[in-house]
Structure formats: C-alpha cells, structure tokens
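Heads up, the thing below is written out as structure tokens.
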Amino acid sequence: MAEANRIAVIAIVVEDRDCVPRLNEILHEYGDCIIGRMGIPYPKKNLSLISVAVDAPNDRVSALTGKLGAIEGLT
C-alpha cells in the first residue's frame, strides 16, 4: 500500500544570501510536491523568511528538509 501524503509547512530562515542558489535548486528538485511558497525579506535583521507548503509522503518531506538543513546559511 502506498504511503499517504501529508500536508506540511516548512519554515526557512535565510541568514546568508549566498546559499540561495542551492536553496532554489533543491526547491526546484521537489517542485512536484510544493503547493506554494512565500518569501518575506526582513532587512532590519539582514535575513529573509520563507515558508514552503508541501503535499507529499512523509519520507519525501523528510528528504527535502534534510537537504535544506544541510545548507550552510539556512536554518
């Protein structure tokens, strides 16, 4: 039996803009399960906040968050 999809929202804090190209590569790789994303620049703290809504099996959500978590400059 196939694993059921789950809806999740991933919160990303971009502290170093140099990591954004890698972030976008990974999000593009998982584009088939991304419902939408919203980015909010926060110049006062010199960072950006991004929320990504996904609809995917748990293992795929975990793989995505694992890859994002490995990027230096993101939390």
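Going through the structure tokens in order, the chains are called A, B, and so on, while each chain numbers its residues from 1 and the ligands are numbered from 1 in the order shown.
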| Exercise: Leu47 (chain A) partners within 9 Å, only C-alpha atoms, chain neighbours under 6 positions left out, as a list in words | Val13, Val14, Glu15, Asp16, Arg17, Ile40 and Pro41 of chain A
Please report, as a ChimeraX atom specification, each residue of chain A to which DSSP assigns strand (DSSP E or B) when run on this structure's backbone. /A:5-14,34-42,47-57,74
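Excluding Arg60 (chain A) and any residue on its chain fewer than 4 positions from it, the residues at most 12 Å away by only C-alpha atoms are Glu3, Ala4, Asn5, Arg6, Ile7, Ala8, Glu29, Tyr30, Gly31, Asp32, Cys33, Ile34, Val54, Asp55, Ala56, Leu64, Thr65, Gly66 and Lys67 of chain A.
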Would you save the residues of that selection, restricted to N, CA, C and O atoms, as a JSON list (two decimals), in the first residue's frame?
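In the end it all went to selection_35.json:
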```json
[["chain", "number", "residue", "atom", "x", "y", "z"],
["A", 3, "GLU", "N", 2.26, 4.93, 0.67],
["A", 3, "GLU", "CA", 2.21, 5.82, 1.83],
["A", 3, "GLU", "C", 1.34, 7.04, 1.52],
["A", 3, "GLU", "O", 1.42, 7.61, 0.44],
["A", 4, "ALA", "N", 0.51, 7.41, 2.47],
["A", 4, "ALA", "CA", -0.37, 8.57, 2.30],
["A", 4, "ALA", "C", 0.43, 9.86, 2.34],
["A", 4, "ALA", "O", 1.43, 9.96, 3.05],
["A", 5, "ASN", "N", -0.01, 10.80, 1.55],
["A", 5, "ASN", "CA", 0.62, 12.12, 1.57],
["A", 5, "ASN", "C", 0.23, 12.87, 2.83],
["A", 5, "ASN", "O", -0.81, 12.61, 3.43],
["A", 6, "ARG", "N", 1.09, 13.80, 3.20],
["A", 6, "ARG", "CA", 0.74, 14.70, 4.30],
["A", 6, "ARG", "C", 1.00, 16.13, 3.85],
["A", 6, "ARG", "O", 1.82, 16.38, 2.97],
["A", 7, "ILE", "N", 0.26, 17.03, 4.45],
["A", 7, "ILE", "CA", 0.43, 18.45, 4.18],
["A", 7, "ILE", "C", 1.37, 18.97, 5.26],
["A", 7, "ILE", "O", 1.17, 18.69, 6.44],
["A", 8, "ALA", "N", 2.38, 19.72, 4.85],
["A", 8, "ALA", "CA", 3.34, 20.28, 5.81],
["A", 8, "ALA", "C", 3.74, 21.67, 5.36],
["A", 8, "ALA", "O", 3.67, 22.00, 4.17],
["A", 29, "GLU", "N", 13.96, 20.81, -7.42],
["A", 29, "GLU", "CA", 14.00, 19.35, -7.44],
["A", 29, "GLU", "C", 12.72, 18.74, -6.85],
["A", 29, "GLU", "O", 12.26, 17.69, -7.29],
["A", 30, "TYR", "N", 12.16, 19.40, -5.85],
["A", 30, "TYR", "CA", 10.95, 18.92, -5.19],
["A", 30, "TYR", "C", 9.71, 19.69, -5.63],
["A", 30, "TYR", "O", 8.67, 19.65, -4.97],
["A", 31, "GLY", "N", 9.78, 20.36, -6.75],
["A", 31, "GLY", "CA", 8.69, 21.20, -7.24],
["A", 31, "GLY", "C", 7.38, 20.47, -7.43],
["A", 31, "GLY", "O", 6.30, 21.07, -7.29],
["A", 32, "ASP", "N", 7.43, 19.17, -7.70],
["A", 32, "ASP", "CA", 6.19, 18.42, -7.93],
["A", 32, "ASP", "C", 5.35, 18.27, -6.67],
["A", 32, "ASP", "O", 4.16, 17.98, -6.76],
["A", 33, "CYS", "N", 5.96, 18.46, -5.50],
["A", 33, "CYS", "CA", 5.18, 18.32, -4.26],
["A", 33, "CYS", "C", 4.99, 19.65, -3.54],
["A", 33, "CYS", "O", 4.37, 19.69, -2.48],
["A", 34, "ILE", "N", 5.48, 20.74, -4.11],
["A", 34, "ILE", "CA", 5.33, 22.05, -3.48],
["A", 34, "ILE", "C", 4.01, 22.68, -3.91],
["A", 34, "ILE", "O", 3.72, 22.82, -5.09],
["A", 54, "VAL", "N", 3.94, 21.98, 1.38],
["A", 54, "VAL", "CA", 4.15, 20.79, 0.56],
["A", 54, "VAL", "C", 3.03, 19.77, 0.80],
["A", 54, "VAL", "O", 2.40, 19.75, 1.86],
["A", 55, "ASP", "N", 2.84, 18.92, -0.19],
["A", 55, "ASP", "CA", 1.89, 17.80, -0.12],
["A", 55, "ASP", "C", 2.64, 16.60, -0.66],
["A", 55, "ASP", "O", 2.83, 16.46, -1.88],
["A", 56, "ALA", "N", 3.13, 15.73, 0.25],
["A", 56, "ALA", "CA", 4.00, 14.62, -0.16],
["A", 56, "ALA", "C", 4.03, 13.55, 0.92],
["A", 56, "ALA", "O", 3.67, 13.81, 2.07],
["A", 64, "LEU", "N", 13.45, 16.29, 1.81],
["A", 64, "LEU", "CA", 13.54, 17.71, 1.47],
["A", 64, "LEU", "C", 14.10, 18.52, 2.64],
["A", 64, "LEU", "O", 15.04, 19.29, 2.47],
["A", 65, "THR", "N", 13.53, 18.31, 3.82],
["A", 65, "THR", "CA", 14.00, 19.10, 4.97],
["A", 65, "THR", "C", 15.43, 18.73, 5.35],
["A", 65, "THR", "O", 16.19, 19.58, 5.79],
["A", 66, "GLY", "N", 15.81, 17.48, 5.14],
["A", 66, "GLY", "CA", 17.19, 17.07, 5.40],
["A", 66, "GLY", "C", 18.17, 17.77, 4.48],
["A", 66, "GLY", "O", 19.22, 18.24, 4.92],
["A", 67, "LYS", "N", 17.83, 17.86, 3.20],
["A", 67, "LYS", "CA", 18.71, 18.55, 2.24],
["A", 67, "LYS", "C", 18.79, 20.04, 2.57],
["A", 67, "LYS", "O", 19.85, 20.64, 2.49]]
```
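Distance annotation: of A:Ser51, A:Leu68, A:Thr75, A:Tyr42, the residue with the minimal separation from Leu23 (chain A) is A:Leu68; atom set is only C-alpha atoms.
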Please identify which residues in chain A DSSP calls alpha helix (DSSP H) from the backbone, and express them as a ChimeraX atom specification. /A:20-29,58-69
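Proximity to Leu74 (chain A) was assessed for A:Leu49, A:Pro43, A:Ser62, A:His28 counting only C-alpha atoms; the smallest distance is recorded for A:Leu49.
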Separating CA of Lys44 (chain A) from CA of Glu72 (chain A), to the nearest tenth of an Å, is a gap of 21.2 Å
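Separating CA of Ala11 (chain A) from CA of Pro57 (chain A) is a distance of 17.9 Å.
Distance-wise, CA of Met38 (chain A) and CA of Val52 (chain A) end up 6.6 Å apart.
The smallest atom-to-atom distance between Ala70 (chain A) and any of A:Asp18, A:Val9, A:Gly39, A:Ile26, using only C-alpha atoms, is found for A:Ile26.
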